[in-house]
Structures are given as structure tokens and as C-alpha cells.
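**Student:** Sending over coords-v8.cif (mmCIF, C-alpha atoms).
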data_run
loop_
_atom_site.label_atom_id
_atom_site.label_comp_id
_atom_site.auth_asym_id
_atom_site.auth_seq_id
_atom_site.Cartn_x
_atom_site.Cartn_y
_atom_site.Cartn_z
CA MET A 1 -33.13 -36.46 -28.31
CA LYS A 2 -31.21 -37.89 -25.38
CA ASP A 3 -27.91 -36.82 -26.92
CA GLU A 4 -29.32 -33.37 -27.56
CA GLY A 5 -30.56 -33.17 -23.96
CA ARG A 6 -27.13 -34.24 -22.74
CA ARG A 7 -25.49 -31.56 -24.87
CA MET A 8 -27.90 -28.97 -23.51
CA LYS A 9 -27.05 -30.04 -19.95
CA GLU A 10 -23.35 -29.81 -20.75
CA LYS A 11 -23.86 -26.33 -22.18
CA ARG A 12 -25.77 -25.27 -19.07
CA SER A 13 -23.04 -26.75 -16.89
CA GLY A 14 -20.31 -24.92 -18.80
CA SER A 15 -22.33 -21.73 -18.66
CA SER A 16 -22.85 -22.10 -14.92
CA ARG A 17 -19.12 -22.69 -14.44
CA ARG A 18 -18.39 -19.52 -16.40
CA VAL A 19 -20.90 -17.64 -14.26
CA SER A 20 -19.32 -19.06 -11.11
CA ILE A 21 -15.84 -18.04 -12.27
CA SER A 22 -17.12 -14.58 -13.21
CA SER A 23 -18.84 -14.24 -9.86
CA PHE A 24 -15.70 -15.31 -8.04
CA ALA A 25 -13.59 -12.84 -10.03
CA GLY A 26 -16.11 -10.11 -9.30
CA PHE A 27 -16.05 -10.97 -5.61
CA VAL A 28 -12.23 -10.78 -5.56
CA CYS A 29 -12.34 -7.40 -7.32
CA LEU A 30 -14.87 -6.09 -4.82
CA LEU A 31 -12.79 -7.41 -1.94
CA VAL A 32 -9.65 -5.70 -3.24
CA ALA A 33 -11.59 -2.49 -3.84
CA PHE A 34 -12.98 -2.65 -0.31
CA VAL A 35 -9.52 -3.16 1.17
CA CYS A 36 -8.13 -0.25 -0.84
CA PHE A 37 -11.09 1.96 0.02
CA THR A 38 -10.89 1.25 3.74
CA GLY A 39 -7.17 1.91 3.62
CA THR A 40 -7.40 5.23 1.77
CA ALA A 41 -10.68 6.57 3.10
CA ALA A 42 -9.75 6.65 6.77
CA ALA A 43 -10.89 9.75 8.59
CA GLN A 44 -8.21 12.38 8.94
CA GLU A 45 -7.14 12.30 12.58
CA ALA A 46 -3.70 13.92 12.25
CA VAL A 47 -2.36 17.19 10.88
CA VAL A 48 1.26 18.01 10.13
CA PHE A 49 2.62 21.51 10.63
CA VAL A 50 5.58 22.29 8.38
CA LEU A 51 7.69 25.15 9.77
CA ASP A 52 9.80 25.92 6.74
CA SER A 53 9.75 27.93 3.53
CA PRO A 54 6.36 28.14 1.74
CA ILE A 55 4.99 24.98 0.13
CA ASN A 56 4.12 25.16 -3.56
CA GLU A 57 0.85 23.29 -4.04
CA ASP A 58 1.49 22.59 -7.74
CA PHE A 59 4.77 20.87 -6.94
CA LEU A 60 3.05 18.99 -4.14
CA ALA A 61 0.58 17.64 -6.71
CA GLY A 62 3.38 16.60 -9.08
CA ARG A 63 2.66 19.16 -11.79
CA VAL A 64 5.43 20.20 -14.16
CA LEU A 65 3.91 22.84 -16.41
CA GLY A 66 4.37 26.43 -15.26
CA LEU A 67 6.76 25.68 -12.40
CA ARG A 68 10.11 27.44 -12.22
CA ALA A 69 13.13 26.40 -10.20
CA ASP A 70 12.43 29.17 -7.68
CA ASP A 71 8.95 27.74 -7.05
CA ILE A 72 10.38 24.50 -5.67
CA THR A 73 11.34 25.61 -2.20
CA HIS A 74 12.91 23.67 0.64
CA GLY A 75 9.49 23.53 2.29
CA SER A 76 7.98 22.18 -0.93
CA LEU A 77 10.46 19.30 -0.90
CA VAL A 78 9.67 18.59 2.76
CA GLY A 79 5.93 18.65 2.01
CA ARG A 80 6.40 16.33 -0.96
CA VAL A 81 8.23 13.83 1.24
CA ILE A 82 5.37 13.88 3.76
CA HIS A 83 2.73 13.40 1.06
CA SER A 84 4.73 10.49 -0.32
CA TYR A 85 4.16 8.58 2.92
CA CYS A 86 0.75 9.75 4.15
CA ARG A 87 -2.26 11.87 3.20
CA ALA A 88 -2.56 13.86 6.39
CA PRO A 89 -3.35 17.54 5.74
CA LEU A 90 -0.37 19.89 5.84
CA LYS A 91 -0.32 23.32 7.44
CA SER A 92 2.52 25.30 5.94
CA ILE A 93 3.93 28.01 8.19
CA PRO A 94 6.60 30.05 6.37
CA VAL A 95 9.40 31.01 8.74
CA GLU A 96 11.80 32.69 6.29
CA ASP A 97 12.62 36.38 5.89
CA VAL A 98 12.70 38.23 2.56
CA GLU A 99 16.23 36.95 1.91
CA GLY A 100 15.22 33.32 2.32
CA ARG A 101 16.87 32.78 5.70
CA ALA A 102 15.16 31.37 8.78
CA ASP A 103 13.69 34.19 10.84
CA ARG A 104 13.74 33.55 14.59
CA SER A 105 10.60 35.51 15.44
CA ARG A 106 8.58 33.93 12.61
CA TYR A 107 9.74 30.51 13.68
CA LEU A 108 8.65 31.09 17.28
CA ASP A 109 5.33 32.47 16.02
CA GLY A 110 4.91 29.25 14.05
CA LEU A 111 5.44 27.17 17.19
CA ARG A 112 2.85 29.32 18.97
CA GLU A 113 0.37 28.80 16.13
CA ALA A 114 0.84 25.04 16.31
CA LEU A 115 0.42 25.18 20.10
CA ASP A 116 -2.82 27.19 19.81
CA TYR A 117 -4.13 24.68 17.26
CA ALA A 118 -3.30 21.74 19.55
CA ARG A 119 -5.11 23.41 22.45
CA THR A 120 -8.26 24.19 20.44
CA HIS A 121 -8.39 20.91 18.45
CA THR A 122 -8.08 18.31 21.15
CA ASP A 123 -9.57 15.63 18.88
CA VAL A 124 -6.76 15.96 16.31
CA HIS A 125 -3.23 14.66 16.62
CA VAL A 126 -0.75 17.46 15.92
CA ILE A 127 2.68 16.76 14.47
CA VAL A 128 5.20 19.56 13.96
CA ASN A 129 8.03 19.03 11.46
CA VAL A 130 11.05 21.33 11.88
CA SER A 131 13.72 20.78 9.24
CA LEU A 132 15.95 23.56 10.53
CA GLY A 133 18.15 24.06 13.54
CA SER A 134 20.47 26.31 15.47
CA PRO A 135 23.45 25.63 17.76
CA ASN A 136 22.04 28.14 20.25
CA PRO A 137 19.27 27.08 22.65
CA SER A 138 16.46 29.44 23.54
CA GLN A 139 14.32 29.49 26.67
CA GLU A 140 11.25 30.56 24.70
CA GLU A 141 11.78 27.86 22.10
CA GLU A 142 12.21 25.22 24.79
CA ARG A 143 9.11 26.46 26.59
CA LEU A 144 7.04 26.20 23.41
CA VAL A 145 8.18 22.69 22.44
CA THR A 146 7.63 21.55 26.04
CA ALA A 147 4.11 23.01 25.97
CA LEU A 148 3.43 21.23 22.67
CA GLY A 149 4.48 17.96 24.25
CA ASP A 150 2.22 18.62 27.23
CA GLU A 151 -0.70 18.99 24.79
CA GLY A 152 0.11 15.62 23.23
CA ALA A 153 1.70 17.04 20.07
CA LEU A 154 4.80 15.49 18.53
CA VAL A 155 7.70 17.70 17.46
CA VAL A 156 10.03 16.08 14.90
CA ALA A 157 13.30 17.87 14.12
CA ALA A 158 16.29 17.35 11.87
CA ALA A 159 19.52 16.63 13.73
CA GLY A 160 21.74 18.72 11.44
CA ASN A 161 24.28 18.14 8.68
CA ASP A 162 27.66 18.89 10.28
CA ASP A 163 28.92 15.30 10.59
CA SER A 164 29.47 15.87 14.30
CA ASN A 165 27.92 15.12 17.67
CA LYS A 166 27.31 18.76 18.52
CA LEU A 167 23.82 19.64 19.64
CA THR A 168 21.38 21.53 17.44
CA TYR A 169 18.06 22.91 18.58
CA PRO A 170 15.16 22.13 18.69
CA ALA A 171 16.34 18.55 18.00
CA ALA A 172 18.34 18.41 21.26
CA TYR A 173 15.49 19.44 23.58
CA ASP A 174 13.89 16.79 25.77
CA GLY A 175 10.67 15.56 24.24
CA VAL A 176 11.64 16.46 20.66
CA ILE A 177 12.12 13.55 18.23
CA ALA A 178 15.62 14.07 16.82
CA VAL A 179 16.17 12.41 13.43
CA ALA A 180 19.51 11.59 11.84
CA SER A 181 20.11 10.54 8.23
CA ALA A 182 21.29 6.99 7.57
CA GLY A 183 20.88 3.91 5.43
CA PRO A 184 21.00 0.18 6.27
CA ARG A 185 24.80 0.18 5.98
CA GLY A 186 25.60 3.27 7.95
CA LYS A 187 25.19 6.93 8.76
CA ALA A 188 24.98 9.44 5.94
CA PRO A 189 28.34 11.21 5.60
CA SER A 190 27.00 14.65 6.54
CA SER A 191 24.51 13.67 9.25
CA ASN A 192 24.99 14.61 12.88
CA TYR A 193 24.95 11.88 15.50
CA GLY A 194 24.96 11.53 19.26
CA PRO A 195 22.97 10.34 22.28
CA GLN A 196 20.28 12.94 21.54
CA ILE A 197 19.21 11.06 18.36
CA ASP A 198 15.95 9.11 18.68
CA VAL A 199 15.80 7.43 15.27
CA ALA A 200 17.40 7.61 11.84
CA ALA A 201 15.80 7.66 8.39
CA SER A 202 16.94 7.97 4.83
CA GLY A 203 17.71 11.57 3.94
CA ASP A 204 18.09 10.91 0.21
CA ILE A 205 15.08 11.86 -1.89
CA SER A 206 14.36 11.87 -5.62
CA PHE A 207 11.27 12.91 -7.53
CA MET A 208 10.34 12.32 -11.15
CA ASP A 209 7.31 14.10 -12.58
CA TYR A 210 5.81 13.88 -16.06
CA GLU A 211 3.30 15.94 -17.95
CA PHE A 212 2.02 15.19 -21.44
CA LEU A 213 1.02 17.97 -23.81
CA PRO A 214 -0.21 17.69 -27.41
CA TYR A 215 3.13 18.96 -28.69
CA GLU A 216 5.70 17.86 -26.11
CA TRP A 217 6.46 15.65 -23.14
CA LEU A 218 7.68 17.47 -20.04
CA ARG A 219 9.76 15.73 -17.41
CA ARG A 220 11.37 16.94 -14.20
CA GLU A 221 13.83 15.05 -12.02
CA MET A 222 15.03 16.28 -8.64
CA GLU A 223 17.38 14.92 -6.00
CA ALA A 224 18.26 16.21 -2.54
CA ARG A 225 19.74 14.84 0.65
CA GLY A 226 20.16 15.75 4.30
CA THR A 227 18.52 15.35 7.68
CA SER A 228 15.98 17.93 6.48
CA PHE A 229 14.39 15.14 4.45
CA ALA A 230 14.91 12.37 7.00
CA ALA A 231 12.76 14.16 9.60
CA PRO A 232 9.62 14.43 7.41
CA ARG A 233 9.77 10.69 6.73
CA VAL A 234 9.43 10.09 10.46
CA ALA A 235 6.74 12.79 10.79
CA ALA A 236 4.74 11.29 7.93
CA THR A 237 4.98 7.77 9.37
CA LEU A 238 3.71 9.04 12.72
CA ALA A 239 0.84 10.84 10.96
CA PHE A 240 -0.08 7.64 9.11
CA LEU A 241 -0.17 5.64 12.34
CA LEU A 242 -2.34 8.21 14.11
CA ASP A 243 -4.65 8.54 11.10
CA HIS A 244 -5.31 4.81 10.91
CA ALA A 245 -5.32 4.14 14.65
CA PRO A 246 -6.68 7.37 16.15
CA ARG A 247 -7.03 5.79 19.60
CA LEU A 248 -3.26 5.68 19.85
CA SER A 249 -1.55 8.49 21.70
CA GLY A 250 1.36 10.29 20.14
CA GLN A 251 3.74 8.44 22.44
CA ASP A 252 2.16 5.11 21.42
CA ALA A 253 2.82 5.93 17.76
CA LEU A 254 6.39 6.93 18.57
CA ARG A 255 6.89 3.66 20.41
CA ILE A 256 5.77 1.73 17.31
CA VAL A 257 8.26 3.67 15.17
CA LEU A 258 11.09 2.98 17.61
CA ASP A 259 10.19 -0.67 18.19
CA THR A 260 9.98 -1.46 14.46
CA ALA A 261 13.22 0.36 13.56
CA ARG A 262 15.97 -1.83 12.12
CA PRO A 263 19.57 -2.10 13.28
CA ILE A 264 22.21 -0.22 11.30
CA ASP A 265 25.52 -1.85 10.41
CA ASP A 266 27.52 1.09 11.66
CA ARG A 267 29.86 1.97 14.52
CA TYR A 268 27.74 5.03 15.35
CA PHE A 269 24.66 2.87 15.87
CA GLU A 270 26.60 0.33 17.90
CA GLY A 271 27.83 3.20 20.05
CA GLY A 272 24.30 4.42 20.74
CA MET A 273 24.67 7.48 18.49
CA LEU A 274 21.81 6.76 16.04
CA GLY A 275 18.96 6.09 18.42
CA ALA A 276 16.68 3.10 17.89
CA GLY A 277 18.00 2.46 14.40
CA LEU A 278 16.70 2.95 10.87
CA LEU A 279 13.03 3.80 10.32
CA ASP A 280 11.20 0.85 8.74
CA VAL A 281 8.13 2.40 7.16
CA ARG A 282 6.56 -0.87 6.05
CA ARG A 283 6.84 -2.56 9.44
CA ALA A 284 5.58 0.52 11.28
CA LYS A 285 2.58 1.00 9.01
CA SER A 286 1.74 -2.70 8.99
CA ALA A 287 1.47 -2.58 12.79
CA VAL A 288 -1.80 -0.63 12.48
CA ALA A 289 -2.90 -1.33 8.88
CA ARG A 290 -2.73 -5.00 7.91
CA TRP A 291 -3.71 -4.19 4.32
CA TYR A 292 -0.56 -2.10 3.94
CA GLY A 293 1.71 -5.10 4.09
CA PHE A 294 -0.52 -6.92 1.60
CA ALA A 295 -0.66 -4.03 -0.86
CA ASN A 296 3.06 -3.30 -0.66
CA PHE A 297 4.50 -6.81 -0.44
CA VAL A 298 2.12 -9.68 -1.19
CA LEU A 299 0.34 -8.03 -4.13
CA PRO A 300 3.52 -6.96 -5.98
CA VAL A 301 4.99 -10.44 -5.47
CA CYS A 302 1.83 -11.99 -6.93
CA VAL A 303 2.02 -9.69 -9.96
CA TRP A 304 5.67 -10.58 -10.53
CA VAL A 305 4.95 -14.30 -10.18
CA ILE A 306 2.06 -14.13 -12.67
CA LEU A 307 4.22 -12.21 -15.14
CA GLY A 308 7.04 -14.72 -14.66
CA VAL A 309 4.78 -17.72 -15.24
CA PHE A 310 3.20 -16.11 -18.30
CA SER A 311 6.63 -15.25 -19.69
CA ALA A 312 7.81 -18.83 -19.17
CA TYR A 313 4.68 -20.10 -20.93
CA LEU A 314 5.32 -17.83 -23.92
CA CYS A 315 8.94 -18.93 -24.15
CA LEU A 316 8.11 -22.63 -23.94
CA THR A 317 5.21 -22.56 -26.41
CA ARG A 318 6.35 -19.87 -28.86
CA GLY A 319 10.08 -20.25 -28.90
CA MET A 320 12.01 -17.17 -29.99
CA VAL A 321 8.79 -15.31 -30.71
CA GLY A 322 7.63 -15.99 -27.17
CA ALA A 323 10.97 -14.83 -25.78
CA PHE A 324 10.64 -11.60 -27.75
CA LEU A 325 7.06 -11.08 -26.55
CA SER A 326 8.14 -11.74 -22.96
CA LEU A 327 10.91 -9.17 -23.29
CA MET A 328 8.44 -6.61 -24.65
CA LEU A 329 6.05 -7.48 -21.81
CA TRP A 330 8.63 -6.69 -19.13
CA ILE A 331 10.21 -3.68 -20.84
CA LEU A 332 7.14 -1.94 -22.23
CA VAL A 333 3.80 -3.29 -21.05
CA PHE A 334 4.40 -3.50 -17.30
CA PRO A 335 6.01 -0.04 -16.82
CA ALA A 336 3.55 1.54 -19.25
CA SER A 337 0.58 0.04 -17.39
CA PHE A 338 1.91 1.25 -14.07
CA PHE A 339 2.49 4.73 -15.46
CA LEU A 340 -1.00 4.76 -17.00
CA LEU A 341 -2.53 3.85 -13.62
CA VAL A 342 -0.63 6.68 -11.93
CA GLN A 343 -1.76 9.20 -14.53
CA MET A 344 -5.35 7.91 -14.35
CA GLY A 345 -5.27 8.29 -10.56
CA ARG A 346 -4.13 11.90 -10.91
CA TRP A 347 -6.89 12.63 -13.43
CA LEU A 348 -9.57 11.03 -11.26
CA GLN A 349 -8.34 13.00 -8.25
CA TYR A 350 -8.46 16.19 -10.29
CA ALA A 351 -11.96 15.38 -11.59
CA GLY A 352 -13.12 14.64 -8.05
CA GLY A 353 -11.96 17.97 -6.67
CA GLY A 354 -9.06 16.37 -4.82
CA SER A 355 -10.89 13.16 -3.89
CA LEU A 356 -9.93 9.98 -5.75
CA VAL A 357 -13.10 8.23 -4.56
CA VAL A 358 -15.38 11.02 -5.88
CA GLY A 359 -13.51 11.06 -9.20
CA LEU A 360 -13.79 7.29 -9.51
CA GLY A 361 -17.51 7.42 -8.75
CA GLY A 362 -18.07 10.18 -11.29
CA GLY A 363 -16.11 8.26 -13.91
CA GLY A 364 -18.20 5.14 -13.23
CA ILE A 365 -21.44 7.09 -13.68
CA LEU A 366 -20.21 8.58 -16.97
#
Now that the file is in, can you turn its structure into C-alpha cells?

**Tutor:**
Amino acid sequence: MKDEGRRMKEKRSGSSRRVSISSFAGFVCLLVAFVCFTGTAAAQEAVVFVLDSPINEDFLAGRVLGLRADDITHGSLVGRVIHSYCRAPLKSIPVEDVEGRADRSRYLDGLREALDYARTHTDVHVIVNVSLGSPNPSQEEERLVTALGDEGALVVAAAGNDDSNKLTYPAAYDGVIAVASAGPRGKAPSSNYGPQIDVAASGDISFMDYEFLPYEWLRREMEARGTSFAAPRVAATLAFLLDHAPRLSGQDALRIVLDTARPIDDRYFEGGMLGAGLLDVRRAKSAVARWYGFANFVLPVCVWVILGVFSAYLCLTRGMVGAFLSLMLWILVFPASFFLLVQMGRWLQYAGGGSLVVGLGGGGIL
């Protein structure tokens, strides 16, 4: 009887340990979910105006089926870059004529529309992305960008792709954030440079979209480069900062971007021709969202360490079989799991009418 009682106590103790471990694991899951929710569910405090060609919403959402090459406009690429870095709402203002060239009057009307919005929505941070330019200044254009600055709006403009220090407008106006294209090791070959540059960012972009059908697997890959795609990286980073720290002013957010920029190993940067340096998205975002650094640095490192330890365990205990399983783990399981999570996120967002949280809640109820 005593032995049986002891065994029963041991069983209860083991059961309680399992419950404690389960409770701890559940607490960690809830904590991670809370961090992710607070990071993604921040109130929208910024809006980005895109003065460009029309934005295709299907391409913005990463869809492949039904899209033709003509549907993927320059503005669509700019919008996709912005949505890759933040979730601020976009207001697309087409400024092209019927031949696909920038129309001066439509462009000025777009600036006026952004200015009217900034004046009537004083509780929203307005960011205007202009991935176009002209060598000819305009008094009306300068008046409008100055008025936008007076209202607290930020105008971000591409510096141009002539590999020269000649001025392009609106990037060269006072108060406009001029963005060059560069990498850690130097200026992009085609990017403009000069004392008018405020900051540089990568102008190389690439997108890869997938869509599975019962009878085929569709895939689309796209690449583009230029200061047109460096500017929206800066605009999106500013929008992220103002979304997650709405008490900041536009100039405060710009100061964070400039202060966290990294030096560029380049004679143009050393000569003061590439502004504050290379945009560092992670450092800038981490300045206002501590979870961002965790989710984008600490968490991936933890996953890699766990996979490495598990792979070493398999190799040491299973020999060649373990080495083969480890190889399959790294080649197949990890990428496939990541891809499955991305596809599941898209489906939940679709089921939730554009809201991942609503889709996740609906899926949990079902």
C-alpha cells in the first residue's frame, strides 16, 4: 500500500510537472501572440500619397492569376515597396497622361489634393511619395511642397537616375526629402548625388509571387532598380515610425531615419554627396517598436539555433540517417513551413475581409 501510494504521488508529481510545462508553453505562446498583435494592430496614424501611375490592387496583394504585364505599373511597384515595409493606407493619385507620361497639370493637382487632405485631417500624418522628377523648377510646385511642409506633411522624392549631381525637382526643393540609391559599399551606378541628398536607400527591388491552382502552379518574378524605388523605402519607414509613435512629429521621424542611417564606404558619401548615409530600416523601426528588433533578429536567430542543435542531435544519434534527415529538414521542411505560413496569412487576411486578426478569430471559432 505504501509503495502504491508512493507511485500515485509520483504520478501526480509527473502530471503536475507536465501541467506546469504546458502552462508555461501556453503563457509563452500568449506572450508572443500579444507582442505580435500589439505590433500589427496599431492604429493607423499615417497615410502615404503615391503620385505616380495607377496602383493595381491585385498586384499589391501579391496575386498572380489574371494579371498581365501591362497591369503592373510603375506606381504598382512603388506601392508594393511601401507595403513591404509598413501597412499604412495608400492613396494612389495617377499623374500620367493617356500615353503613360507624367502630366504636369495632373501632378500639380495631386499635390493640391494631398495638401487639402493634410489641412482637413490634422490628426493624420501625411507622407507624399514622388518617384518622378524634372530638371526644371516651378514656382507653383515649390509653393505646394512648401505649403505641405508647413502643414506638417513629409514630401519624399527620388533624386534621379542620371549618375550626376544635377538638380531634379521636387527633390532639390528645400524641405523635400531627397533620396539617392545606394548600398553599403557605394552609390548605385545610375543614381544622382550631391549636397541636396538627405539620405540614401537601396533602389534594387525583387518580388516573387506564387499561386496554386488544382492544375498548375503559377509563379511570377520581377526585378527593378532606380531611385524611384529607393524613395518609397524611406517613405514607408517614416510611415511606420509615425504609425507606431503617433506623438512624434514628421520632423522627429525624419531625425530618427537620419540618425540611424549607416555610413557608406564610398567617395560620394565621404564627400557629403549621399546625405546622412544608408537607410537602416531595422534600427529606425526598433527606435519606436522594441518588438520589431525581437521579431526580426532575436526570433530568427533562436529558430536557427534550435534547428542547428536538433540537426546536430540527429547526426550524432542517427549517423548517416540523421545527416540525411537534417539535410531534408533544412532543404525542405524549413522553407516549406515558412511558405505555408505566408500562404495561410494571405488566406486568413482574405477570409477576414483584409484583416488578419478578424480572419484568425474566425478560423479559431470554426

**Student:** Show me the residues around (3.9, 23.3, -6.1) - criterion: an atom at most 10 Å away, all atoms listed in the file counted - as a list of chain:residue names.

**Tutor:** A:Pro54, A:Ile55, A:Asn56, A:Glu57, A:Asp58, A:Phe59, A:Leu60, A:Ala61, A:Gly62, A:Arg63, A:Val64, A:Gly66, A:Leu67, A:Arg68, A:Asp71, A:Ile72, A:Thr73, A:Ser76, A:Leu77, A:Gly79, A:Arg80

**Student:** Run the PyMOL selection byres ((chain A and resi 98-102) around 12) mentally over the shown coordinates, then write out the matched residues as a CSV table (one decimal) with C-alpha atoms, keeping the file's coordinate frame, using the chain letters and numbers from the document.

**Tutor:**
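Written file, part.csv:
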chain,number,residue,atom,x,y,z
A,51,LEU,CA,7.7,25.2,9.8
A,52,ASP,CA,9.8,25.9,6.7
A,53,SER,CA,9.8,27.9,3.5
A,54,PRO,CA,6.4,28.1,1.7
A,70,ASP,CA,12.4,29.2,-7.7
A,73,THR,CA,11.3,25.6,-2.2
A,74,HIS,CA,12.9,23.7,0.6
A,75,GLY,CA,9.5,23.5,2.3
A,93,ILE,CA,3.9,28.0,8.2
A,94,PRO,CA,6.6,30.0,6.4
A,95,VAL,CA,9.4,31.0,8.7
A,96,GLU,CA,11.8,32.7,6.3
A,97,ASP,CA,12.6,36.4,5.9
A,103,ASP,CA,13.7,34.2,10.8
A,104,ARG,CA,13.7,33.6,14.6
A,105,SER,CA,10.6,35.5,15.4
A,106,ARG,CA,8.6,33.9,12.6
A,107,TYR,CA,9.7,30.5,13.7
A,108,LEU,CA,8.6,31.1,17.3
A,110,GLY,CA,4.9,29.2,14.0
A,130,VAL,CA,11.0,21.3,11.9
A,131,SER,CA,13.7,20.8,9.2
A,132,LEU,CA,16.0,23.6,10.5
A,133,GLY,CA,18.2,24.1,13.5
A,134,SER,CA,20.5,26.3,15.5

**Student:** Can you tell me, as a list in words, what residues are no more than 9 Å from Phe229 of chain A when counting all atoms listed in the file, ignoring any on the same chain fewer than 3 positions away?

**Tutor:**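 The neighbour list is Leu77, Val78, Val81, Ser131, Ala158, Ser181, Ala201, Ser202, Gly203, Asp204, Ile205, Ala224, Arg225, Gly226, Pro232 and Arg233 of chain A.
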
**Student:** Give me, please, the distance in Å between atom CA of Val145 of chain A and atom CA of Ala239 of chain A, quoted to one decimal.

**Tutor:**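 If I compute the distance from atom CA of Val145 of chain A to atom CA of Ala239 of chain A, I get 18.1 Å.
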
**Student:** For the atom pair atom CA of Leu167 of chain A and atom CA of Ser138 of chain A, what is the interatomic distance in Å to one decimal place?

**Tutor:**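 Atom CA of Ser138 of chain A lies 12.9 Å from atom CA of Leu167 of chain A.
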
**Student:** Using only C-alpha atoms, which of the listed residues (A:Leu254, A:Ala236, A:Ala200, A:Ala231) sits closest to Gly175 of chain A?

**Tutor:** A:Leu254

**Student:** Hey, what comes out of the PyMOL selection byres ((chain A and resi 261-267) around 12) on this file? Could you write it as a ChimeraX atom specification?

**Tutor:** /A:181-189,193-194,198-202,234,237,254-260,268-285

**Student:** Go ahead and write the selection's residues with C-alpha atoms as a PDB file, in the coordinates of the input.

**Tutor:**
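What ended up in again.pdb:
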ATOM      1  CA  SER A 181      20.110  10.540   8.230  1.00  0.00           C
ATOM      2  CA  ALA A 182      21.290   6.990   7.570  1.00  0.00           C
ATOM      3  CA  GLY A 183      20.880   3.910   5.430  1.00  0.00           C
ATOM      4  CA  PRO A 184      21.000   0.180   6.270  1.00  0.00           C
ATOM      5  CA  ARG A 185      24.800   0.180   5.980  1.00  0.00           C
ATOM      6  CA  GLY A 186      25.600   3.270   7.950  1.00  0.00           C
ATOM      7  CA  LYS A 187      25.190   6.930   8.760  1.00  0.00           C
ATOM      8  CA  ALA A 188      24.980   9.440   5.940  1.00  0.00           C
ATOM      9  CA  PRO A 189      28.340  11.210   5.600  1.00  0.00           C
ATOM     10  CA  TYR A 193      24.950  11.880  15.500  1.00  0.00           C
ATOM     11  CA  GLY A 194      24.960  11.530  19.260  1.00  0.00           C
ATOM     12  CA  ASP A 198      15.950   9.110  18.680  1.00  0.00           C
ATOM     13  CA  VAL A 199      15.800   7.430  15.270  1.00  0.00           C
ATOM     14  CA  ALA A 200      17.400   7.610  11.840  1.00  0.00           C
ATOM     15  CA  ALA A 201      15.800   7.660   8.390  1.00  0.00           C
ATOM     16  CA  SER A 202      16.940   7.970   4.830  1.00  0.00           C
ATOM     17  CA  VAL A 234       9.430  10.090  10.460  1.00  0.00           C
ATOM     18  CA  THR A 237       4.980   7.770   9.370  1.00  0.00           C
ATOM     19  CA  LEU A 254       6.390   6.930  18.570  1.00  0.00           C
ATOM     20  CA  ARG A 255       6.890   3.660  20.410  1.00  0.00           C
ATOM     21  CA  ILE A 256       5.770   1.730  17.310  1.00  0.00           C
ATOM     22  CA  VAL A 257       8.260   3.670  15.170  1.00  0.00           C
ATOM     23  CA  LEU A 258      11.090   2.980  17.610  1.00  0.00           C
ATOM     24  CA  ASP A 259      10.190  -0.670  18.190  1.00  0.00           C
ATOM     25  CA  THR A 260       9.980  -1.460  14.460  1.00  0.00           C
ATOM     26  CA  TYR A 268      27.740   5.030  15.350  1.00  0.00           C
ATOM     27  CA  PHE A 269      24.660   2.870  15.870  1.00  0.00           C
ATOM     28  CA  GLU A 270      26.600   0.330  17.900  1.00  0.00           C
ATOM     29  CA  GLY A 271      27.830   3.200  20.050  1.00  0.00           C
ATOM     30  CA  GLY A 272      24.300   4.420  20.740  1.00  0.00           C
ATOM     31  CA  MET A 273      24.670   7.480  18.490  1.00  0.00           C
ATOM     32  CA  LEU A 274      21.810   6.760  16.040  1.00  0.00           C
ATOM     33  CA  GLY A 275      18.960   6.090  18.420  1.00  0.00           C
ATOM     34  CA  ALA A 276      16.680   3.100  17.890  1.00  0.00           C
ATOM     35  CA  GLY A 277      18.000   2.460  14.400  1.00  0.00           C
ATOM     36  CA  LEU A 278      16.700   2.950  10.870  1.00  0.00           C
ATOM     37  CA  LEU A 279      13.030   3.800  10.320  1.00  0.00           C
ATOM     38  CA  ASP A 280      11.200   0.850   8.740  1.00  0.00           C
ATOM     39  CA  VAL A 281       8.130   2.400   7.160  1.00  0.00           C
ATOM     40  CA  ARG A 282       6.560  -0.870   6.050  1.00  0.00           C
ATOM     41  CA  ARG A 283       6.840  -2.560   9.440  1.00  0.00           C
ATOM     42  CA  ALA A 284       5.580   0.520  11.280  1.00  0.00           C
ATOM     43  CA  LYS A 285       2.580   1.000   9.010  1.00  0.00           C
TER      44      LYS A 285
END

**Student:** Using 4 Å of padding on each side, determine the axis-aligned box around all atoms of segment 137-146 of chain A present in the file and give its centre and edge lengths in Å to one decimal, as AutoDock Vina command-line options.

**Tutor:**
--center_x 13.2 --center_y 26.1 --center_z 24.4 --size_x 20.2 --size_y 17.0 --size_z 12.6

**Student:** To one decimal in Å, tell me the separation between atom CA of Ala46 of chain A and atom CA of Ser206 of chain A.

**Tutor:**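 We find that atom CA of Ala46 of chain A and atom CA of Ser206 of chain A lie 25.5 Å from each other.
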
**Student:** Between A:Ala180, A:Ile82, A:Val309, A:Leu218, which is the closest to Ser164 of chain A once you count all atoms listed in the file?

**Tutor:**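 The shortest atom-to-atom distance to Ser164 of chain A comes from A:Ala180.
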
**Student:** Name the residues that the PyMOL selection byres ((chain A and resi 169) around 6) pulls out of this structure, and write them as a ChimeraX atom specification.

**Tutor:** /A:133-134,137,168,170-172

**Student:** Counting all atoms listed in the file, which residues have an atom no more than 12 Å from (0.2, 18.9, 12.8) in the file's coordinates? Please list them as a PyMOL selection string.

**Tutor:** chain A and resi 44-51+82+88-93+110-111+113-119+121-130+148+152-156+232+235-236+238-240+242-243+250

**Student:** Choose the residue, out of A:Leu307, A:Val179, A:Cys315, A:Ala69, that has the smallest atom-to-atom separation from Asn161 of chain A; count all atoms listed in the file.

**Tutor:**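 Between A:Leu307, A:Val179, A:Cys315, A:Ala69, the residue approaching Asn161 of chain A most closely is A:Val179.
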
**Student:** Of the candidates A:Arg290, A:Ser249, A:Phe310, A:Tyr173, which one gets nearest to Asn136 of chain A if we count all atoms listed in the file?

**Tutor:**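 Using all atoms listed in the file, the shortest distance to Asn136 of chain A belongs to A:Tyr173.
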
**Student:** Find the residue from A:Tyr85, A:Tyr210, A:Trp304, A:Trp217 that sits nearest to Leu329 of chain A; use only C-alpha atoms when measuring.

**Tutor:**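 Using only C-alpha atoms, Leu329 of chain A sits closest to A:Trp304.
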